[in-house]
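Data from model.pdb: PDB, C-alpha atoms
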MODEL        1
ATOM      1  CA  MET A  36       7.386 -23.625 -12.086
ATOM      2  CA  ALA A  37      10.795 -23.638 -13.665
ATOM      3  CA  GLU A  38      13.469 -21.754 -11.795
ATOM      4  CA  LYS A  39      14.750 -18.715 -13.619
ATOM      5  CA  LYS A  40      18.385 -18.294 -14.517
ATOM      6  CA  GLN A  41      20.341 -16.934 -11.589
ATOM      7  CA  GLY A  42      23.034 -14.297 -11.335
ATOM      8  CA  TYR A  43      22.302 -11.978 -14.247
ATOM      9  CA  SER A  44      22.853  -8.237 -14.212
ATOM     10  CA  SER A  45      19.897  -5.924 -14.425
ATOM     11  CA  THR A  46      18.488  -2.548 -13.484
ATOM     12  CA  VAL A  47      15.515  -2.013 -11.178
ATOM     13  CA  GLN A  48      13.571   1.216 -11.038
ATOM     14  CA  ASN A  49      11.770   1.762  -7.772
ATOM     15  CA  LYS A  50       9.173   4.529  -7.721
ATOM     16  CA  GLY A  51      10.250   6.623  -4.769
ATOM     17  CA  VAL A  52       8.717   9.527  -2.903
ATOM     18  CA  GLY A  53       8.033  12.778  -4.619
ATOM     19  CA  SER A  54       7.237  11.080  -7.939
ATOM     20  CA  LYS A  55      10.931  10.377  -8.443
ATOM     21  CA  LYS A  56      12.449   7.066  -9.424
ATOM     22  CA  ASN A  57      15.339   5.458  -7.597
ATOM     23  CA  THR A  58      17.342   3.390 -10.076
ATOM     24  CA  PHE A  59      19.477   0.568  -8.735
ATOM     25  CA  ASP A  60      22.061  -1.217 -10.861
ATOM     26  CA  GLY A  61      23.108  -4.575  -9.564
ATOM     27  CA  LYS A  62      22.930  -8.320 -10.018
ATOM     28  CA  ILE A  63      19.768 -10.337  -9.498
ATOM     29  CA  GLN A  64      20.462 -13.507  -7.583
ATOM     30  CA  TYR A  65      18.186 -16.217  -6.251
ATOM     31  CA  LEU A  66      18.956 -16.308  -2.537
ATOM     32  CA  SER A  67      17.728 -18.446   0.304
ATOM     33  CA  LEU A  68      15.449 -16.654   2.752
ATOM     34  CA  ASP A  69      17.898 -17.655   5.495
ATOM     35  CA  GLN A  70      20.558 -15.509   3.821
ATOM     36  CA  LEU A  71      18.448 -12.352   4.159
ATOM     37  CA  VAL A  72      18.850 -10.369   7.365
ATOM     38  CA  ASP A  73      16.219  -7.771   8.208
ATOM     39  CA  PHE A  74      17.313  -4.144   8.006
ATOM     40  CA  LYS A  75      18.693  -2.859  11.303
ATOM     41  CA  ASN A  76      16.053  -0.870  13.223
ATOM     42  CA  HIS A  77      13.577  -1.355  10.387
ATOM     43  CA  PRO A  78      10.699   1.005  11.308
ATOM     44  CA  PHE A  79       8.012  -0.656   9.183
ATOM     45  CA  LYS A  80       6.151  -3.538  10.781
ATOM     46  CA  VAL A  81       5.330  -6.782   8.982
ATOM     47  CA  GLU A  82       1.993  -8.015  10.310
ATOM     48  CA  MET A  83       0.151 -11.253   9.672
ATOM     49  CA  ASN A  84      -2.946  -9.648   8.221
ATOM     50  CA  THR A  85      -5.272  -9.992   5.229
ATOM     51  CA  GLU A  86      -2.899  -8.096   2.937
ATOM     52  CA  LEU A  87       0.002 -10.400   3.754
ATOM     53  CA  PHE A  88      -2.263 -13.439   3.285
ATOM     54  CA  GLU A  89      -3.250 -12.204  -0.174
ATOM     55  CA  LEU A  90       0.410 -11.606  -1.029
ATOM     56  CA  MET A  91       1.214 -15.123   0.128
ATOM     57  CA  GLN A  92      -1.503 -16.535  -2.132
ATOM     58  CA  SER A  93      -0.133 -14.528  -5.064
ATOM     59  CA  ILE A  94       3.377 -15.886  -4.424
ATOM     60  CA  GLU A  95       2.025 -19.442  -4.218
ATOM     61  CA  LYS A  96       0.409 -18.968  -7.620
ATOM     62  CA  GLU A  97       2.939 -16.860  -9.536
ATOM     63  CA  GLY A  98       6.092 -16.689  -7.417
ATOM     64  CA  VAL A  99       7.870 -13.492  -6.365
ATOM     65  CA  LEU A 100       7.516 -11.242  -9.398
ATOM     66  CA  VAL A 101       9.350  -8.157  -8.109
ATOM     67  CA  PRO A 102      12.937  -8.744  -6.876
ATOM     68  CA  LEU A 103      13.749  -7.804  -3.309
ATOM     69  CA  LEU A 104      16.514  -5.264  -2.721
ATOM     70  CA  ALA A 105      19.493  -6.039  -0.499
ATOM     71  CA  ARG A 106      23.141  -5.246   0.066
ATOM     72  CA  PRO A 107      26.010  -7.373   1.407
ATOM     73  CA  ASN A 108      25.484  -7.567   5.163
ATOM     74  CA  PRO A 109      27.888  -5.031   6.737
ATOM     75  CA  ALA A 110      27.636  -6.873  10.063
ATOM     76  CA  GLY A 111      28.639 -10.295   8.805
ATOM     77  CA  GLU A 112      27.440 -13.070   6.541
ATOM     78  CA  GLY A 113      24.477 -12.945   4.211
ATOM     79  CA  TYR A 114      22.668  -9.890   2.907
ATOM     80  CA  GLU A 115      20.868  -7.036   4.626
ATOM     81  CA  LEU A 116      17.359  -6.599   3.249
ATOM     82  CA  ILE A 117      16.582  -3.026   2.190
ATOM     83  CA  ALA A 118      13.210  -3.461   0.484
ATOM     84  CA  GLY A 119      10.948  -6.505   0.447
ATOM     85  CA  HIS A 120      10.375  -7.451   4.092
ATOM     86  CA  ARG A 121       6.703  -8.226   3.389
ATOM     87  CA  ARG A 122       7.607 -10.301   0.321
ATOM     88  CA  LYS A 123      10.143 -12.197   2.418
ATOM     89  CA  ALA A 124       7.539 -12.933   5.119
ATOM     90  CA  ALA A 125       4.886 -13.898   2.567
ATOM     91  CA  GLY A 126       7.363 -16.087   0.714
ATOM     92  CA  LYS A 127       8.278 -17.905   3.915
ATOM     93  CA  TRP A 128       4.575 -18.355   4.646
ATOM     94  CA  ALA A 129       4.083 -19.764   1.160
ATOM     95  CA  GLY A 130       6.917 -22.237   1.666
ATOM     96  CA  VAL A 131       9.260 -20.629  -0.866
ATOM     97  CA  ASP A 132      12.936 -21.521  -0.432
ATOM     98  CA  LYS A 133      14.568 -18.902  -2.643
ATOM     99  CA  VAL A 134      13.559 -15.465  -3.904
ATOM    100  CA  PRO A 135      14.995 -13.103  -6.561
ATOM    101  CA  VAL A 136      17.085 -10.393  -4.949
ATOM    102  CA  MET A 137      18.736  -7.356  -6.514
ATOM    103  CA  VAL A 138      22.075  -7.076  -4.699
ATOM    104  CA  VAL A 139      23.530  -3.557  -4.695
ATOM    105  CA  GLU A 140      26.455  -1.803  -3.055
ATOM    106  CA  LEU A 141      25.154   0.974  -0.774
ATOM    107  CA  ASP A 142      26.694   2.688   2.231
ATOM    108  CA  ASP A 143      24.709   3.028   5.466
ATOM    109  CA  ASN A 144      23.144   6.377   4.596
ATOM    110  CA  GLN A 145      22.216   5.357   1.066
ATOM    111  CA  ALA A 146      20.685   2.145   2.426
ATOM    112  CA  VAL A 147      18.545   4.034   4.957
ATOM    113  CA  ILE A 148      17.253   6.435   2.299
ATOM    114  CA  ALA A 149      16.473   3.599  -0.125
ATOM    115  CA  MET A 150      14.746   1.598   2.614
ATOM    116  CA  VAL A 151      12.537   4.519   3.688
ATOM    117  CA  ASP A 152      11.665   5.567   0.130
ATOM    118  CA  SER A 153      10.669   2.030  -0.814
ATOM    119  CA  ASN A 154       8.415   1.504   2.187
ATOM    120  CA  LEU A 155       6.710   4.901   2.083
ATOM    121  CA  GLN A 156       4.864   3.583  -0.967
ATOM    122  CA  ARG A 157       2.785   1.273   1.231
ATOM    123  CA  GLU A 158      -0.935   1.972   1.224
ATOM    124  CA  HIS A 159      -1.321   1.781   4.998
ATOM    125  CA  ILE A 160       1.415   3.302   7.180
ATOM    126  CA  LYS A 161       1.116   3.744  10.926
ATOM    127  CA  PRO A 162       2.094   7.042  12.599
ATOM    128  CA  SER A 163       4.941   5.330  14.470
ATOM    129  CA  GLU A 164       6.315   3.924  11.207
ATOM    130  CA  LYS A 165       6.329   7.339   9.556
ATOM    131  CA  ALA A 166       7.857   8.880  12.667
ATOM    132  CA  PHE A 167      10.902   6.627  12.837
ATOM    133  CA  ALA A 168      11.238   6.503   9.035
ATOM    134  CA  TYR A 169      11.344  10.303   8.766
ATOM    135  CA  ARG A 170      13.824  10.527  11.645
ATOM    136  CA  MET A 171      16.135   7.908  10.117
ATOM    137  CA  ARG A 172      15.974   9.458   6.654
ATOM    138  CA  LEU A 173      16.590  12.982   7.930
ATOM    139  CA  GLU A 174      19.623  11.853   9.900
ATOM    140  CA  ALA A 175      20.967   9.964   6.869
ATOM    141  CA  MET A 176      20.553  13.070   4.704
ATOM    142  CA  LYS A 177      22.422  15.148   7.276
ATOM    143  CA  GLN A 178      25.210  12.576   7.463
ATOM    144  CA  GLN A 179      25.530  12.700   3.692
ATOM    145  CA  GLY A 180      25.741  16.470   3.928
ATOM    146  CA  ARG A 181      28.885  16.201   6.044
ATOM    147  CA  ARG A 182      30.674  14.298   3.263
ATOM    148  CA  THR A 183      32.811  16.572   1.140
ATOM    149  CA  ASP A 184      32.879  14.082  -1.735
ATOM    150  CA  LEU A 185      29.174  14.683  -2.340
ATOM    151  CA  THR A 186      29.753  18.352  -3.135
ATOM    152  CA  LEU A 187      29.181  19.135  -6.807
ATOM    153  CA  SER A 188      31.237  21.724  -8.590
ATOM    154  CA  GLN A 189      30.695  23.004 -12.102
ATOM    155  CA  VAL A 190      32.667  25.739 -13.844
ATOM    156  CA  GLY A 191      31.305  26.835 -17.170
ATOM    157  CA  THR A 192      32.953  28.468 -20.174
ATOM    158  CA  LYS A 193      31.701  31.084 -22.582
ATOM    159  CA  SER A 194      28.434  30.110 -24.216
ATOM    160  CA  LYS A 195      28.726  29.339 -27.935
ATOM    161  CA  ASP A 196      25.374  30.939 -28.613
ATOM    162  CA  ASN A 197      26.193  34.016 -26.562
ATOM    163  CA  PRO A 198      29.944  34.731 -26.210
ATOM    164  CA  THR A 199      29.237  37.465 -23.675
ATOM    165  CA  LEU A 200      27.523  35.015 -21.328
ATOM    166  CA  SER A 201      29.625  33.022 -18.897
ATOM    167  CA  VAL A 202      28.625  30.504 -16.245
ATOM    168  CA  ALA A 203      29.729  31.262 -12.720
ATOM    169  CA  LYS A 204      31.128  28.591 -10.425
ATOM    170  CA  VAL A 205      28.382  26.904  -8.449
ATOM    171  CA  VAL A 206      29.010  24.554  -5.542
ATOM    172  CA  ALA A 207      25.998  22.560  -4.403
ATOM    173  CA  GLY A 208      25.661  20.373  -1.336
ATOM    174  CA  TYR A 209      24.891  20.270   2.366
ATOM    175  CA  ASP A 210      26.600  22.413   4.968
ATOM    176  CA  GLU A 211      27.673  21.235   8.434
ATOM    177  CA  LEU A 212      24.202  21.937   9.818
ATOM    178  CA  GLY A 213      22.654  19.692   7.221
ATOM    179  CA  GLU A 214      21.298  22.548   5.158
ATOM    180  CA  TRP A 215      21.237  22.302   1.380
ATOM    181  CA  LYS A 216      22.681  25.337  -0.357
ATOM    182  CA  LEU A 217      24.228  26.627  -3.545
ATOM    183  CA  GLN A 218      27.266  28.773  -2.919
ATOM    184  CA  ASN A 219      27.477  32.003  -4.905
ATOM    185  CA  ASP A 220      23.716  31.805  -5.167
ATOM    186  CA  SER A 221      20.886  32.978  -2.980
ATOM    187  CA  VAL A 222      19.289  29.522  -2.944
ATOM    188  CA  LYS A 223      19.520  27.811   0.416
ATOM    189  CA  MET A 224      17.398  24.954   1.636
ATOM    190  CA  ARG A 225      17.286  23.174   4.966
ATOM    191  CA  THR A 226      17.549  19.393   4.986
ATOM    192  CA  ASP A 227      14.149  19.019   6.620
ATOM    193  CA  GLU A 228      12.678  21.253   3.917
ATOM    194  CA  MET A 229      14.164  18.958   1.261
ATOM    195  CA  LEU A 230      12.671  15.933   3.015
ATOM    196  CA  ALA A 231       9.301  17.656   3.303
ATOM    197  CA  ARG A 232       9.211  18.356  -0.420
ATOM    198  CA  GLN A 233      10.241  14.816  -1.278
ATOM    199  CA  VAL A 234       7.576  13.116   0.846
ATOM    200  CA  GLY A 235       4.813  15.672   0.261
ATOM    201  CA  GLU A 236       4.551  16.898   3.850
ATOM    202  CA  SER A 237       5.111  20.303   5.403
ATOM    203  CA  ARG A 238       8.317  20.876   7.358
ATOM    204  CA  ASN A 239       6.275  21.346  10.543
ATOM    205  CA  GLN A 240       4.439  18.086   9.958
ATOM    206  CA  ILE A 241       7.752  16.275   9.551
ATOM    207  CA  ALA A 242       8.856  17.711  12.896
ATOM    208  CA  ARG A 243       5.578  16.619  14.527
ATOM    209  CA  TYR A 244       5.992  13.069  13.300
ATOM    210  CA  ILE A 245       9.562  12.924  14.562
ATOM    211  CA  ARG A 246       8.343  14.075  17.995
ATOM    212  CA  LEU A 247       6.422  10.793  18.236
ATOM    213  CA  THR A 248       9.730   8.923  18.454
ATOM    214  CA  TYR A 249      10.130  10.399  21.954
ATOM    215  CA  LEU A 250       7.014   8.632  23.232
ATOM    216  CA  ILE A 251       7.280   5.495  25.326
ATOM    217  CA  PRO A 252       6.226   2.333  23.430
ATOM    218  CA  LYS A 253       2.948   1.906  25.330
ATOM    219  CA  ILE A 254       1.690   5.380  24.414
ATOM    220  CA  LEU A 255       3.021   5.100  20.869
ATOM    221  CA  ASP A 256       1.009   1.895  20.449
ATOM    222  CA  MET A 257      -2.093   3.813  21.534
ATOM    223  CA  VAL A 258      -1.377   6.378  18.815
ATOM    224  CA  ASP A 259      -1.137   3.622  16.191
ATOM    225  CA  GLU A 260      -4.394   2.141  17.460
ATOM    226  CA  GLY A 261      -6.154   5.505  17.237
ATOM    227  CA  LYS A 262      -6.738   5.696  20.980
ATOM    228  CA  VAL A 263      -4.613   8.841  21.333
ATOM    229  CA  ALA A 264      -5.005  11.623  18.772
ATOM    230  CA  PHE A 265      -1.962  12.650  16.770
ATOM    231  CA  THR A 266      -1.949  16.282  18.013
ATOM    232  CA  VAL A 267      -2.297  15.107  21.613
ATOM    233  CA  ALA A 268       0.524  12.611  21.140
ATOM    234  CA  VAL A 269       2.844  15.366  19.913
ATOM    235  CA  GLU A 270       2.209  17.338  23.095
ATOM    236  CA  LEU A 271       2.719  14.253  25.274
ATOM    237  CA  SER A 272       6.111  13.675  23.652
ATOM    238  CA  TYR A 273       7.479  16.653  25.585
ATOM    239  CA  LEU A 274       6.897  14.846  28.888
ATOM    240  CA  ASN A 275       9.896  12.989  30.240
ATOM    241  CA  GLU A 276       9.865   9.190  30.325
ATOM    242  CA  GLU A 277       8.825   8.917  33.967
ATOM    243  CA  GLU A 278       5.926  11.321  33.466
ATOM    244  CA  GLN A 279       4.789   9.370  30.410
ATOM    245  CA  TYR A 280       4.749   6.083  32.321
ATOM    246  CA  GLU A 281       2.766   7.708  35.127
ATOM    247  CA  LEU A 282       0.306   9.139  32.620
ATOM    248  CA  HIS A 283      -0.110   5.782  30.923
ATOM    249  CA  ALA A 284      -0.820   4.131  34.261
ATOM    250  CA  VAL A 285      -3.583   6.675  34.927
ATOM    251  CA  MET A 286      -5.031   6.239  31.431
ATOM    252  CA  ASP A 287      -5.024   2.477  31.840
ATOM    253  CA  MET A 288      -6.667   2.672  35.271
ATOM    254  CA  GLU A 289      -9.307   5.237  34.334
ATOM    255  CA  GLN A 290      -9.815   3.914  30.804
ATOM    256  CA  CYS A 291      -9.546   7.424  29.393
ATOM    257  CA  THR A 292      -7.200   9.473  27.232
ATOM    258  CA  PRO A 293      -6.230  13.156  27.352
ATOM    259  CA  SER A 294      -7.546  15.679  24.852
ATOM    260  CA  LEU A 295      -6.651  19.230  23.901
TER
ENDMDL
END
Could you write out this file's structure as structure tokens?
Amino acid sequence: MAEKKQGYSSTVQNKGVGSKKNTFDGKIQYLSLDQLVDFKNHPFKVEMNTELFELMQSIEKEGVLVPLLARPNPAGEGYELIAGHRRKAAGKWAGVDKVPVMVVELDDNQAVIAMVDSNLQREHIKPSEKAFAYRMRLEAMKQQGRRTDLTLSQVGTKSKDNPTLSVAKVVAGYDELGEWKLQNDSVKMRTDEMLARQVGESRNQIARYIRLTYLIPKILDMVDEGKVAFTVAVELSYLNEEEQYELHAVMDMEQCTPSL
């Protein structure tokens, strides 16, 4: 297969959560897999399963058709991978040396949001993956809300169609508590409410998922494996770490799990 021309500019539209599209403008480059560093604290696992095997076979036959998404590595050399961890793993499995990568300039918060939105499109997502993804995205949204340069201001003039109608000044953005609001307007939305609408979950369900991040790894694994029910896991998350380890030891010894 002939190698495609490298280093040309392009635009990639990634279908994000909430039926929205995230559009990234950048340059597509063919990069070595060794140049791609996994996203820091990436919450989505890459497992050697049937799906990855099928992706590997597809890459062997047709190559990587959809460019990966990355940004210059803020921690050093190479590029930090934002979207495409499974394609990277499958490509390595297939013996591919280089893959097409859309390189974009994103700050830390933008990168987190793009990473979460891209991976939430997976068909199978474990509870632990959703939990840490929602927590990371919510924190990134709140951090963005503390930036004054993200505040939008629009002052209108008299309408041409209706000279008696004027547009009042509206300032939109996040407040210090991470709440979305329009000043001089009654509209006010919490950041977690915005996230809930974007991912199609209720605000309470978002909070329940985030509670799972307070579980010790051994119990969280049991949640992913379906051994501990989601509602039970949420309640267990309020136990301190020592109590959780003691509980896990009892569950392991008695080969049983708690129920509500």
Name every residue that the PyMOL selection byres ((chain A and resi 283) around 12) selects in this structure, writing the answer as a PDB file with C-alpha atoms, keeping the file's coordinate frame with chains first and numbers rising.
ATOM      1  CA  LEU A 250       7.014   8.632  23.232  1.00  0.00           C
ATOM      2  CA  ILE A 251       7.280   5.495  25.326  1.00  0.00           C
ATOM      3  CA  PRO A 252       6.226   2.333  23.430  1.00  0.00           C
ATOM      4  CA  LYS A 253       2.948   1.906  25.330  1.00  0.00           C
ATOM      5  CA  ILE A 254       1.690   5.380  24.414  1.00  0.00           C
ATOM      6  CA  LEU A 255       3.021   5.100  20.869  1.00  0.00           C
ATOM      7  CA  ASP A 256       1.009   1.895  20.449  1.00  0.00           C
ATOM      8  CA  MET A 257      -2.093   3.813  21.534  1.00  0.00           C
ATOM      9  CA  LYS A 262      -6.738   5.696  20.980  1.00  0.00           C
ATOM     10  CA  VAL A 263      -4.613   8.841  21.333  1.00  0.00           C
ATOM     11  CA  ALA A 268       0.524  12.611  21.140  1.00  0.00           C
ATOM     12  CA  LEU A 271       2.719  14.253  25.274  1.00  0.00           C
ATOM     13  CA  LEU A 274       6.897  14.846  28.888  1.00  0.00           C
ATOM     14  CA  GLU A 276       9.865   9.190  30.325  1.00  0.00           C
ATOM     15  CA  GLU A 277       8.825   8.917  33.967  1.00  0.00           C
ATOM     16  CA  GLU A 278       5.926  11.321  33.466  1.00  0.00           C
ATOM     17  CA  GLN A 279       4.789   9.370  30.410  1.00  0.00           C
ATOM     18  CA  TYR A 280       4.749   6.083  32.321  1.00  0.00           C
ATOM     19  CA  GLU A 281       2.766   7.708  35.127  1.00  0.00           C
ATOM     20  CA  LEU A 282       0.306   9.139  32.620  1.00  0.00           C
ATOM     21  CA  ALA A 284      -0.820   4.131  34.261  1.00  0.00           C
ATOM     22  CA  VAL A 285      -3.583   6.675  34.927  1.00  0.00           C
ATOM     23  CA  MET A 286      -5.031   6.239  31.431  1.00  0.00           C
ATOM     24  CA  ASP A 287      -5.024   2.477  31.840  1.00  0.00           C
ATOM     25  CA  MET A 288      -6.667   2.672  35.271  1.00  0.00           C
ATOM     26  CA  GLU A 289      -9.307   5.237  34.334  1.00  0.00           C
ATOM     27  CA  GLN A 290      -9.815   3.914  30.804  1.00  0.00           C
ATOM     28  CA  CYS A 291      -9.546   7.424  29.393  1.00  0.00           C
ATOM     29  CA  THR A 292      -7.200   9.473  27.232  1.00  0.00           C
ATOM     30  CA  PRO A 293      -6.230  13.156  27.352  1.00  0.00           C
TER      31      PRO A 293
END
* **Of the listed residues A:Val138, A:Gln156, A:Leu173, A:Glu115, that which approaches Asn76 in chain A most closely, counting only C-alpha atoms** => A:Glu115
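Interatomic distance, CA of Arg232 in chain A against CA of Asn154 in chain A: 17.1 Å.
Closest approach to Met91 in chain A among A:Gly119, A:Gly126, A:Gly111, A:Gly61: A:Gly126, based on only C-alpha atoms.
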* Selection dump of the PyMOL selection byres ((chain A and resi 72) around 12), as a VMD selection string -> chain A and resid 66 to 71 73 to 77 104 to 120 123 to 124
* To do: Please evaluate the PyMOL selection byres ((chain A and resi 248) around 9) against the structure above and give the resulting residues as a list in words.
  =>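 Applying the expression gives Ser163, Ala166, Phe167, Arg170, Tyr244, Ile245, Arg246, Leu247, Tyr249, Leu250, Ile251, Pro252, Leu255 and Ser272 of chain A.
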* Grab the CA of Glu260 in chain A to CA of Glu236 in chain A distance for me, in Å with one decimal place. => 22.0 Å
* CA of Met224 in chain A to CA of Tyr169 in chain A: how many Å, to one decimal? ->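 Spanning CA of Met224 in chain A to CA of Tyr169 in chain A is a straight-line distance of 17.4 Å.
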* Which is closest to Lys80 in chain A among A:His159, A:Arg238, A:Lys177, A:Lys62, if we use only C-alpha atoms? ->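 Among the listed residues, the smallest separation from Lys80 in chain A belongs to A:His159.
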* Hey, which of A:Leu90, A:Val131, A:Val99, A:Val139 ends up closest to Ile63 in chain A? Count all atoms listed in the file. ->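 Of A:Leu90, A:Val131, A:Val99, A:Val139, the one nearest Ile63 in chain A, counting all atoms listed in the file, is A:Val139.
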* Structure fact -> Using all atoms listed in the file, the best pick from A:Val101, A:Leu230, A:Val147, A:Ala125 as closest to Asn84 in chain A would be A:Ala125
* List every protein, DNA or RNA residue with an atom no more than 6 Å from (-6.2, 16.1, 21.9) in the file's coordinates, counting all atoms listed in the file, and format the result as a PyMOL selection string. => chain A and resi 264+266-267+294-295
